[in-house]
file data37.cif (mmCIF, C-alpha atoms)
data_model
loop_
_atom_site.label_atom_id
_atom_site.label_comp_id
_atom_site.auth_asym_id
_atom_site.auth_seq_id
_atom_site.Cartn_x
_atom_site.Cartn_y
_atom_site.Cartn_z
CA MET A 1 29.57 25.16 31.23
CA LYS A 2 27.75 27.95 29.44
CA VAL A 3 26.59 27.33 25.93
CA GLU A 4 28.89 30.11 24.62
CA THR A 5 31.87 28.42 26.25
CA ALA A 6 30.93 25.08 24.72
CA LEU A 7 30.58 26.63 21.26
CA GLU A 8 33.92 28.44 21.58
CA LEU A 9 35.69 25.25 22.61
CA ARG A 10 34.03 23.36 19.77
CA ASP A 11 35.30 25.91 17.24
CA GLN A 12 38.83 25.77 18.65
CA LEU A 13 38.86 21.99 18.48
CA LEU A 14 37.48 21.91 14.94
CA SER A 15 40.31 24.16 13.77
CA GLU A 16 42.79 21.73 15.32
CA LEU A 17 41.23 18.47 14.21
CA ASP A 18 42.79 18.26 10.75
CA TYR A 19 46.21 18.54 12.36
CA VAL A 20 45.28 15.86 14.90
CA ALA A 21 44.10 13.52 12.17
CA GLN A 22 47.25 14.04 10.11
CA SER A 23 49.38 13.46 13.19
CA ALA A 24 47.53 10.21 13.74
CA GLY A 25 48.42 9.19 10.19
CA ASP A 26 44.91 9.52 8.76
CA SER A 27 44.22 12.25 6.24
CA ASP A 28 40.60 11.25 5.66
CA SER A 29 38.59 13.91 7.48
CA ALA A 30 35.41 11.79 7.11
CA ASP A 31 36.69 9.67 10.00
CA LEU A 32 37.15 12.61 12.36
CA PRO A 33 35.02 12.87 15.47
CA SER A 34 32.10 15.27 15.16
CA LEU A 35 31.81 17.99 17.76
CA GLY A 36 28.93 19.97 19.12
CA VAL A 37 27.16 21.09 22.27
CA TYR A 38 25.75 18.54 24.68
CA CYS A 39 22.49 19.51 26.31
CA ALA A 40 20.75 16.29 27.37
CA GLN A 41 19.58 16.35 30.96
CA ASP A 42 20.03 12.73 31.77
CA SER A 43 21.19 11.28 35.07
CA GLY A 44 24.44 12.72 36.28
CA TRP A 45 24.20 15.83 34.15
CA ASP A 46 23.50 19.12 35.90
CA GLY A 47 21.27 20.65 33.28
CA GLY A 48 23.94 22.93 31.83
CA TYR A 49 25.86 22.51 28.60
CA GLY A 50 28.94 20.59 27.71
CA LEU A 51 31.10 19.57 24.83
CA SER A 52 29.63 16.79 22.70
CA ILE A 53 31.98 14.36 20.96
CA LEU A 54 30.65 11.70 18.63
CA MET A 55 33.66 9.43 18.19
CA PRO A 56 33.88 7.00 15.24
CA ASP A 57 34.32 3.57 16.81
CA ASP A 58 37.28 2.67 14.59
CA GLN A 59 39.11 5.88 15.47
CA ARG A 60 38.90 5.92 19.26
CA GLU A 61 42.10 4.01 19.89
CA LYS A 62 44.03 6.17 17.43
CA LEU A 63 42.68 9.38 19.01
CA HIS A 64 43.02 8.29 22.62
CA ASP A 65 45.48 11.06 23.57
CA TRP A 66 43.44 13.73 21.80
CA GLU A 67 40.31 12.55 23.62
CA ARG A 68 41.95 12.71 27.04
CA GLU A 69 43.37 16.20 26.43
CA THR A 70 40.04 17.43 25.07
CA VAL A 71 38.13 16.25 28.11
CA ASP A 72 40.68 18.05 30.30
CA ARG A 73 40.22 21.27 28.28
CA ALA A 74 36.46 20.97 28.78
CA GLY A 75 37.00 20.73 32.52
CA GLY A 76 35.52 17.29 32.47
CA GLU A 77 32.25 18.65 31.02
CA ALA A 78 32.31 16.57 27.88
CA ASN A 79 30.03 13.79 26.72
CA ILE A 80 31.60 11.19 24.47
CA ALA A 81 29.49 8.77 22.46
CA VAL A 82 31.11 6.09 20.29
CA VAL A 83 29.23 5.75 17.01
CA GLY A 84 29.42 4.01 13.66
CA PRO A 85 29.99 5.87 10.39
CA PHE A 86 27.40 8.47 9.45
CA GLU A 87 25.52 8.15 6.19
CA ALA A 88 22.56 9.92 4.66
CA PHE A 89 19.26 8.11 5.16
CA ASP A 90 17.29 7.80 1.98
CA CYS A 91 14.66 5.67 0.31
CA PRO A 92 16.54 2.43 -0.48
CA ARG A 93 15.65 2.60 -4.15
CA PRO A 94 14.12 6.02 -4.68
CA ALA A 95 13.99 5.90 -8.47
CA HIS A 96 12.33 2.49 -8.62
CA LEU A 97 8.69 1.50 -8.88
CA THR A 98 7.64 -1.84 -7.44
CA PRO A 99 4.33 -3.66 -6.89
CA GLY A 100 2.97 -2.65 -3.51
CA CYS A 101 4.53 0.81 -3.44
CA SER A 102 2.66 4.00 -2.64
CA ILE A 103 1.26 6.11 -5.49
CA SER A 104 -1.42 8.73 -6.01
CA ASP A 105 -2.74 11.53 -8.15
CA HIS A 106 -2.18 15.13 -7.04
CA THR A 107 -4.84 14.99 -4.33
CA VAL A 108 -4.06 14.14 -0.75
CA SER A 109 -4.77 10.45 -1.12
CA ALA A 110 -2.80 7.25 -1.41
CA GLY A 111 -3.07 3.90 -3.13
CA THR A 112 -0.99 1.02 -4.40
CA LEU A 113 0.91 0.22 -7.57
CA GLY A 114 -0.39 -3.21 -8.61
CA GLY A 115 1.87 -4.21 -11.48
CA PHE A 116 3.39 -3.30 -14.81
CA VAL A 117 1.58 -3.39 -18.13
CA ASP A 118 2.14 -2.93 -21.82
CA ALA A 119 -0.37 -0.42 -23.17
CA GLY A 120 -0.01 -0.65 -26.92
CA GLY A 121 3.75 -0.37 -26.82
CA THR A 122 3.88 2.06 -23.89
CA ARG A 123 5.12 0.71 -20.57
CA GLY A 124 2.81 1.60 -17.72
CA ILE A 125 1.70 0.78 -14.20
CA LEU A 126 -1.69 -0.58 -13.13
CA SER A 127 -3.78 0.66 -10.24
CA CYS A 128 -7.34 1.86 -9.56
CA GLU A 129 -9.07 4.80 -11.18
CA HIS A 130 -9.94 6.29 -7.81
CA VAL A 131 -6.23 6.14 -6.87
CA LEU A 132 -4.76 7.70 -10.01
CA GLY A 133 -7.81 9.78 -10.86
CA GLY A 134 -9.42 10.56 -7.53
CA HIS A 135 -9.78 14.15 -8.59
CA GLN A 136 -12.58 15.42 -10.85
CA PRO A 137 -12.72 15.60 -13.77
CA VAL A 138 -10.34 12.75 -14.55
CA GLN A 139 -8.36 13.30 -17.74
CA SER A 140 -5.65 11.50 -19.65
CA GLY A 141 -2.37 13.32 -19.12
CA ASP A 142 -2.96 14.02 -15.44
CA ALA A 143 0.24 13.62 -13.42
CA VAL A 144 0.73 10.67 -11.05
CA TYR A 145 3.10 10.58 -8.08
CA HIS A 146 5.38 8.26 -6.11
CA PRO A 147 5.30 8.13 -3.17
CA ALA A 148 1.69 9.18 -2.74
CA VAL A 149 1.21 12.84 -1.92
CA MET A 150 0.01 12.09 1.60
CA ASP A 151 2.96 9.75 2.25
CA ALA A 152 5.77 11.88 0.95
CA GLY A 153 5.83 14.90 3.23
CA GLY A 154 6.33 17.12 0.21
CA SER A 155 8.95 14.90 -1.48
CA HIS A 156 6.56 13.20 -3.92
CA VAL A 157 7.76 13.06 -7.51
CA ALA A 158 5.68 12.92 -10.69
CA PHE A 159 6.70 9.64 -12.33
CA GLY A 160 4.31 9.66 -15.28
CA GLU A 161 0.82 10.47 -16.42
CA LEU A 162 -2.61 8.87 -16.65
CA ILE A 163 -3.11 7.17 -20.02
CA ALA A 164 -6.27 5.02 -19.54
CA PHE A 165 -9.03 4.61 -16.99
CA SER A 166 -12.27 2.67 -16.69
CA GLY A 167 -14.61 5.65 -16.37
CA LEU A 168 -16.57 5.18 -13.18
CA THR A 169 -20.27 5.85 -13.51
CA SER A 170 -22.89 6.50 -10.88
CA GLY A 171 -25.77 5.65 -13.19
CA SER A 172 -28.01 2.61 -12.94
CA ALA A 173 -25.76 0.58 -15.22
CA PRO A 174 -23.26 -1.37 -13.14
CA ASN A 175 -19.55 -0.62 -13.32
CA ALA A 176 -17.35 -3.50 -14.39
CA VAL A 177 -14.03 -2.33 -12.95
CA ASP A 178 -12.32 0.52 -11.11
CA ALA A 179 -8.95 0.57 -12.84
CA ALA A 180 -6.44 2.89 -14.47
CA VAL A 181 -3.07 2.81 -16.19
CA ALA A 182 -0.36 5.46 -15.99
CA SER A 183 2.81 5.72 -17.99
CA TYR A 184 6.17 6.12 -16.27
CA ASP A 185 9.33 7.90 -17.35
CA PRO A 186 11.82 5.07 -18.02
CA ASP A 187 14.75 7.49 -17.92
CA ARG A 188 14.02 8.37 -14.30
CA PHE A 189 12.16 5.36 -12.90
CA ALA A 190 12.96 1.67 -13.28
CA PRO A 191 10.60 -1.21 -12.52
CA ASP A 192 11.69 -3.27 -9.54
CA TRP A 193 10.38 -6.75 -10.38
CA PRO A 194 9.69 -9.11 -7.47
CA LYS A 195 11.90 -12.20 -7.65
CA PRO A 196 10.76 -15.82 -7.19
CA GLY A 197 9.98 -16.24 -3.50
CA ASP A 198 9.27 -12.53 -3.02
CA ALA A 199 5.83 -11.26 -2.11
CA GLY A 200 4.28 -9.84 -5.27
CA TYR A 201 6.00 -12.31 -7.60
CA ILE A 202 3.50 -13.52 -10.22
CA THR A 203 3.84 -15.63 -13.33
CA GLY A 204 0.47 -15.35 -15.04
CA VAL A 205 -3.19 -14.38 -14.92
CA THR A 206 -6.22 -16.57 -14.27
CA ALA A 207 -9.92 -15.93 -14.77
CA GLU A 208 -10.80 -18.80 -12.46
CA PRO A 209 -9.21 -18.35 -9.03
CA ASP A 210 -9.33 -21.45 -6.85
CA PRO A 211 -11.40 -20.94 -3.66
CA THR A 212 -9.35 -23.63 -1.93
CA GLU A 213 -6.07 -21.80 -2.55
CA GLU A 214 -4.79 -19.12 -0.22
CA HIS A 215 -4.45 -15.75 -1.92
CA GLU A 216 -2.09 -12.88 -1.21
CA LYS A 217 -1.59 -9.22 -1.96
CA VAL A 218 1.08 -6.58 -1.31
CA GLY A 219 -0.43 -3.22 -0.48
CA ARG A 220 0.69 0.22 0.56
CA SER A 221 -1.27 0.19 3.84
CA THR A 222 -1.18 -3.37 5.17
CA GLY A 223 1.79 -4.84 3.33
CA THR A 224 1.64 -8.54 2.54
CA THR A 225 -1.54 -10.23 3.74
CA ARG A 226 -3.42 -13.38 2.84
CA GLY A 227 -7.02 -14.49 2.58
CA ARG A 228 -9.34 -16.79 0.69
CA LEU A 229 -11.85 -16.26 -2.07
CA THR A 230 -15.27 -16.63 -0.46
CA ARG A 231 -17.59 -15.23 -3.15
CA PHE A 232 -17.48 -14.43 -6.81
CA GLY A 233 -19.86 -12.86 -9.30
CA HIS A 234 -20.71 -10.51 -6.46
CA VAL A 235 -22.92 -7.48 -7.10
CA ALA A 236 -22.55 -4.61 -4.64
CA ARG A 237 -22.97 -0.90 -4.16
CA ILE A 238 -19.64 0.60 -3.12
CA HIS A 239 -19.39 3.86 -1.24
CA TYR A 240 -16.94 6.31 -2.89
CA PRO A 241 -16.33 9.07 -0.34
CA HIS A 242 -14.57 11.38 -2.82
CA LEU A 243 -17.55 11.15 -5.20
CA GLY A 244 -20.12 11.31 -2.44
CA SER A 245 -22.06 8.47 -3.97
CA ARG A 246 -22.51 4.71 -4.10
CA LEU A 247 -21.54 3.00 -7.32
CA LEU A 248 -22.97 -0.33 -8.45
CA PHE A 249 -20.42 -2.99 -9.42
CA GLN A 250 -20.84 -6.50 -10.76
CA GLY A 251 -18.56 -9.50 -11.08
CA ILE A 252 -16.69 -8.73 -7.85
CA LEU A 253 -14.36 -11.24 -6.18
CA VAL A 254 -14.65 -11.24 -2.38
CA PHE A 255 -11.75 -12.30 -0.16
CA GLU A 256 -11.77 -12.83 3.59
CA ARG A 257 -9.43 -14.03 6.28
CA PRO A 258 -10.59 -17.03 8.30
CA ASP A 259 -10.50 -15.08 11.57
CA GLY A 260 -12.55 -12.20 10.11
CA SER A 261 -9.72 -9.68 10.45
CA PRO A 262 -9.05 -7.28 7.55
CA MET A 263 -6.96 -8.48 4.62
CA SER A 264 -6.77 -4.86 3.47
CA LYS A 265 -7.37 -1.28 4.51
CA PRO A 266 -7.81 2.05 2.74
CA GLY A 267 -4.69 2.76 0.70
CA ASP A 268 -4.36 -0.84 -0.51
CA SER A 269 -6.47 -0.16 -3.60
CA GLY A 270 -4.57 -1.07 -6.72
CA SER A 271 -2.96 -4.18 -5.23
CA ILE A 272 -2.97 -7.29 -7.37
CA ILE A 273 -4.33 -10.41 -5.66
CA TYR A 274 -2.71 -13.72 -6.63
CA GLY A 275 -2.59 -17.33 -5.53
CA THR A 276 0.23 -17.95 -3.06
CA ASN A 277 1.11 -21.30 -4.67
CA SER A 278 0.05 -20.85 -8.29
CA ARG A 279 1.40 -17.24 -8.43
CA LYS A 280 -1.45 -16.57 -10.86
CA ALA A 281 -2.96 -13.10 -10.52
CA CYS A 282 -6.75 -12.92 -10.43
CA GLY A 283 -7.94 -9.61 -8.98
CA LEU A 284 -7.35 -5.88 -8.66
CA LEU A 285 -8.19 -4.80 -5.11
CA PHE A 286 -10.46 -1.74 -5.09
CA ALA A 287 -12.71 -1.82 -2.01
CA GLY A 288 -13.44 -3.45 1.30
CA SER A 289 -15.50 -3.39 4.42
CA ALA A 290 -14.27 -3.04 7.95
CA ALA A 291 -14.97 -5.71 10.52
CA SER A 292 -16.39 -3.27 13.09
CA SER A 293 -19.22 -4.87 15.00
CA TYR A 294 -20.00 -7.32 12.24
CA GLY A 295 -17.12 -9.58 13.05
CA ARG A 296 -15.86 -10.05 9.51
CA ALA A 297 -14.01 -7.78 7.14
CA THR A 298 -14.12 -8.21 3.38
CA THR A 299 -11.71 -7.31 0.60
CA LEU A 300 -13.21 -6.70 -2.84
CA ALA A 301 -11.44 -7.06 -6.16
CA ASN A 302 -12.34 -6.69 -9.80
CA PRO A 303 -11.48 -9.73 -11.92
CA LEU A 304 -8.07 -8.99 -13.41
CA THR A 305 -8.98 -10.44 -16.81
CA ASP A 306 -11.83 -7.91 -17.02
CA VAL A 307 -9.49 -5.10 -15.97
CA LEU A 308 -6.94 -5.97 -18.66
CA ASN A 309 -9.59 -6.39 -21.36
CA ILE A 310 -11.38 -3.14 -20.59
CA LEU A 311 -8.16 -1.10 -20.43
CA ASN A 312 -6.76 -3.02 -23.43
CA VAL A 313 -3.43 -3.67 -21.74
CA GLU A 314 -1.26 -6.71 -21.13
CA LEU A 315 0.15 -7.53 -17.70
CA LEU A 316 3.94 -7.91 -17.68
CA PHE A 317 5.87 -10.28 -15.46
CA GLU A 318 9.49 -9.15 -15.89
CA MET B 1 -26.32 -30.19 -5.66
CA THR B 2 -26.73 -26.74 -7.21
CA THR B 3 -24.90 -25.97 -10.43
CA LEU B 4 -23.11 -22.72 -11.13
CA ALA B 5 -25.67 -21.84 -13.79
CA GLU B 6 -28.53 -22.33 -11.33
CA ALA B 7 -26.76 -20.24 -8.69
CA THR B 8 -26.05 -17.49 -11.22
CA HIS B 9 -29.72 -17.40 -12.23
CA ALA B 10 -30.82 -17.23 -8.61
CA ARG B 11 -28.32 -14.45 -7.87
CA ASP B 12 -29.57 -12.42 -10.83
CA GLN B 13 -33.13 -12.78 -9.56
CA LEU B 14 -32.21 -11.54 -6.09
CA VAL B 15 -30.09 -8.68 -7.47
CA GLY B 16 -33.04 -7.59 -9.59
CA GLU B 17 -35.47 -7.71 -6.71
CA LEU B 18 -33.35 -6.38 -3.87
CA MET B 19 -30.86 -4.01 -5.51
CA ILE B 20 -32.42 -2.80 -8.74
CA GLU B 21 -36.22 -2.77 -8.32
CA HIS B 22 -36.46 -2.00 -4.63
CA ASP B 23 -32.95 -0.77 -3.74
CA CYS B 24 -33.02 -2.26 -0.24
CA PRO B 25 -30.37 -0.24 1.63
CA GLU B 26 -29.69 -3.12 4.04
CA VAL B 27 -28.52 -5.36 1.20
CA VAL B 28 -24.93 -4.37 0.39
CA GLY B 29 -23.94 -7.24 -1.86
CA ILE B 30 -25.15 -10.44 -3.49
CA GLY B 31 -22.83 -13.05 -4.94
CA ILE B 32 -22.13 -16.72 -5.34
CA ALA B 33 -20.19 -18.92 -2.93
CA LYS B 34 -18.93 -22.46 -3.25
CA GLU B 35 -20.41 -24.80 -0.67
CA GLY B 36 -19.35 -28.41 -0.76
CA ASP B 37 -19.58 -29.60 -4.33
CA GLY B 38 -22.23 -27.05 -5.25
CA TYR B 39 -22.98 -23.36 -5.09
CA VAL B 40 -25.17 -21.05 -3.03
CA VAL B 41 -26.26 -17.43 -3.26
CA ALA B 42 -24.47 -15.32 -0.63
CA VAL B 43 -26.18 -12.13 0.51
CA ASP B 44 -24.38 -9.51 2.60
CA VAL B 45 -26.66 -7.33 4.72
CA THR B 46 -25.99 -4.55 7.23
CA GLU B 47 -28.89 -5.71 9.40
CA ASN B 48 -31.17 -8.70 9.44
CA VAL B 49 -33.56 -8.82 6.51
CA ASP B 50 -36.28 -11.35 5.79
CA LEU B 51 -35.03 -13.34 2.84
CA PRO B 52 -36.25 -16.64 1.42
CA PRO B 53 -34.16 -19.67 2.43
CA ASP B 54 -33.80 -20.51 -1.25
CA VAL B 55 -34.52 -19.22 -4.73
CA ASP B 56 -35.75 -21.90 -7.11
CA GLY B 57 -34.06 -24.48 -4.90
CA VAL B 58 -30.74 -22.62 -4.66
CA PRO B 59 -29.85 -22.07 -0.99
CA VAL B 60 -29.54 -18.45 0.16
CA ARG B 61 -26.92 -17.73 2.82
CA VAL B 62 -27.12 -14.40 4.63
CA ALA B 63 -24.19 -12.76 6.45
CA LEU B 64 -23.88 -9.49 8.34
CA SER B 65 -21.37 -7.11 6.82
CA ALA B 66 -20.38 -3.47 6.98
CA GLU B 67 -21.04 -1.35 3.92
CA PRO B 68 -18.16 -1.73 1.43
CA GLU B 69 -16.15 1.36 0.62
CA ALA B 70 -13.55 2.17 -2.01
CA TYR B 71 -10.10 1.52 -0.51
#
call {"tool": "encode", "arguments": {"input": "data37.cif", "output": "structure tokens"}}
result
Amino acid sequence: MKVETALELRDQLLSELDYVAQSAGDSDSADLPSLGVYCAQDSGWDGGYGLSILMPDDQREKLHDWERETVDRAGGEANIAVVGPFEAFDCPRPAHLTPGCSISDHTVSAGTLGGFVDAGGTRGILSCEHVLGGHQPVQSGDAVYHPAVMDAGGSHVAFGELIAFSGLTSGSAPNAVDAAVASYDPDRFAPDWPKPGDAGYITGVTAEPDPTEEHEKVGRSTGTTRGRLTRFGHVARIHYPHLGSRLLFQGILVFERPDGSPMSKPGDSGSIIYGTNSRKACGLLFAGSAASSYGRATTLANPLTDVLNILNVELLFE
Amino acid sequence: MTTLAEATHARDQLVGELMIEHDCPEVVGIGIAKEGDGYVVAVDVTENVDLPPDVDGVPVRVALSAEPEAY
């Protein structure tokens, strides 16, 4: 069958379908078969074109006579596939923000929403400064996006604006935290709180994480992963590619997995780290090192109590 | 058994020597780790560096690590 023939037959059938559906006692045109041109070159097909019929599975019996006649009119050159109902694919909860979801500033980067905070009466979200303010110069009022610009394929939406950040410095004085808070528009975006039993569910904050307890985070890049606190009070120089420099940090919490595999990867910055049993949050993930040839990967977090104190915000739990 | 205060003092000494005064590029982090009932100083290095086995009696543990990067 030529493609023109297939298209002509399709158009004829479409003009007749409403009548067929009414004759079958169903006036809902959403349940009609969809018609088009078949062009797949699978086994048994000669490489030409044919009539394509996508038949709703609950309609096939009702439209049995129509199907047989249609195949005859197509000279047998029809492909029929039985399908379920069509529906538009979409983000399951597009107007919701939840811990672990992808966020960014306007640059082509991506990070993680850690949690929700109260910033002096303004509801906001917590993440890292280099996630929400990776551009230079960083300023309050800069727009923030969900999903992250690099994740959205052009469909990112500004959900709020930067309202506080730690102010990273490359001087000799060590940085305490890499953290930032952005507001969100409550008329357009609703917090999606993790429920008891969900990854990301937390009930409090602790300044003294237990090294014997397993810890967990939910991040944009690696999802839900676990590790253990292996060091604290750590002082390190962290490479910031977008700044082209190494920044000195103190008071870092270091987490590792027993097998040396990564607990996090780039894009997980902003995740909150919490005890899997206690559900007490202790760290804001901001850096890490790959395993590479060294055999062990590390995940670095700023103490959450320091983050909250420096930004003068309160972590919210529901 | 080393106390947390002793380990903190030893860490600060090593940070001063290796990261502030001399800026040894091989040393990428210095912290404190729990070991048994006490504490040790944990030093992350990108390649082997000669370090003392202890600082004022606080054990020094050295581990190879890649350079940390903002995630």
call {"tool": "residues_near_point", "arguments": {"input": "data37.cif", "point": "(-16.3, -22.0, 3.1)", "cutoff": "12 Å", "atoms": "only C-alpha atoms", "output": "PDB file with C-alpha atoms, keeping the file's coordinate frame"}}
result
ATOM      1  CA  PRO A 211     -11.400 -20.940  -3.660  1.00  0.00           C
ATOM      2  CA  THR A 212      -9.350 -23.630  -1.930  1.00  0.00           C
ATOM      3  CA  GLU A 213      -6.070 -21.800  -2.550  1.00  0.00           C
ATOM      4  CA  GLY A 227      -7.020 -14.490   2.580  1.00  0.00           C
ATOM      5  CA  ARG A 228      -9.340 -16.790   0.690  1.00  0.00           C
ATOM      6  CA  LEU A 229     -11.850 -16.260  -2.070  1.00  0.00           C
ATOM      7  CA  THR A 230     -15.270 -16.630  -0.460  1.00  0.00           C
ATOM      8  CA  ARG A 231     -17.590 -15.230  -3.150  1.00  0.00           C
ATOM      9  CA  PHE A 255     -11.750 -12.300  -0.160  1.00  0.00           C
ATOM     10  CA  GLU A 256     -11.770 -12.830   3.590  1.00  0.00           C
ATOM     11  CA  ARG A 257      -9.430 -14.030   6.280  1.00  0.00           C
ATOM     12  CA  PRO A 258     -10.590 -17.030   8.300  1.00  0.00           C
TER      13      PRO A 258
ATOM     14  CA  ILE B  32     -22.130 -16.720  -5.340  1.00  0.00           C
ATOM     15  CA  ALA B  33     -20.190 -18.920  -2.930  1.00  0.00           C
ATOM     16  CA  LYS B  34     -18.930 -22.460  -3.250  1.00  0.00           C
ATOM     17  CA  GLU B  35     -20.410 -24.800  -0.670  1.00  0.00           C
ATOM     18  CA  GLY B  36     -19.350 -28.410  -0.760  1.00  0.00           C
ATOM     19  CA  ASP B  37     -19.580 -29.600  -4.330  1.00  0.00           C
ATOM     20  CA  GLY B  38     -22.230 -27.050  -5.250  1.00  0.00           C
ATOM     21  CA  TYR B  39     -22.980 -23.360  -5.090  1.00  0.00           C
ATOM     22  CA  VAL B  40     -25.170 -21.050  -3.030  1.00  0.00           C
ATOM     23  CA  ALA B  42     -24.470 -15.320  -0.630  1.00  0.00           C
ATOM     24  CA  ARG B  61     -26.920 -17.730   2.820  1.00  0.00           C
TER      25      ARG B  61
END
call {"tool": "interface_residues", "arguments": {"input": "data37.cif", "of": "chain A", "to": "chain B", "cutoff": "7 Å", "atoms": "all atoms listed in the file", "output": "list in words"}}
result
Thr230, Arg231, Phe232, Gly233, His234, Val235, Ala236, Arg237, Ile238, His239, Tyr240, Lys265, Pro266, Gly267, Asp268, Ser269, Phe286, Ala287, Gly288, Ser289, Ala290, Ala291, Tyr294 and Arg296 of chain A
call {"tool": "atom_distance", "arguments": {"input": "data37.cif", "atom1": "CA of Pro99 in chain A", "atom2": "CA of Trp193 in chain A"}}
result
7.6 Å
call {"tool": "resolve_selection", "arguments": {"input": "data37.cif", "expression": "the PyMOL selection byres ((chain A and resi 200) around 12)", "output": "PyMOL selection string"}}
result
chain A and resi 98-101+113-116+192-199+201-204+215-219+223-226+271-277+279-281+317-318
call {"tool": "atom_distance", "arguments": {"input": "data37.cif", "atom1": "CA of Leu35 in chain A", "atom2": "CA of Ile53 in chain A"}}
result
4.8 Å
call {"tool": "atom_distance", "arguments": {"input": "data37.cif", "atom1": "CA of Ser172 in chain A", "atom2": "CA of Leu304 in chain A"}}
result
23.1 Å
call {"tool": "resolve_selection", "arguments": {"input": "data37.cif", "expression": "the PyMOL selection byres ((chain A and resi 283) around 9)", "output": "PyMOL selection string"}}
result
chain A and resi 205-207+209+252-253+271-274+281-282+284-285+300-305+307
call {"tool": "resolve_selection", "arguments": {"input": "data37.cif", "expression": "the PyMOL selection byres ((chain A and resi 145) around 9)", "output": "PyMOL selection string"}}
result
chain A and resi 102-106+132+143-144+146-149+156-161
call {"tool": "closest_residue", "arguments": {"input": "data37.cif", "among": "B:His9, B:Thr3, B:Leu14, B:Glu21", "to": "Leu51 in chain B", "atoms": "only C-alpha atoms"}}
result
B:Leu14
call {"tool": "axis_aligned_box", "arguments": {"input": "data37.cif", "around": "range 269-285 of chain A", "padding_each_side": "8 Å", "output": "lines of an AutoDock Vina configuration file"}}
result
center_x = -3.4
center_y = -10.7
center_z = -7.0
size_x = 25.6
size_y = 37.1
size_z = 23.8
call {"tool": "closest_residue", "arguments": {"input": "data37.cif", "among": "B:Pro53, B:Val45, B:Ala7, B:Val60", "to": "Cys24 in chain B", "atoms": "only C-alpha atoms"}}
result
B:Val45
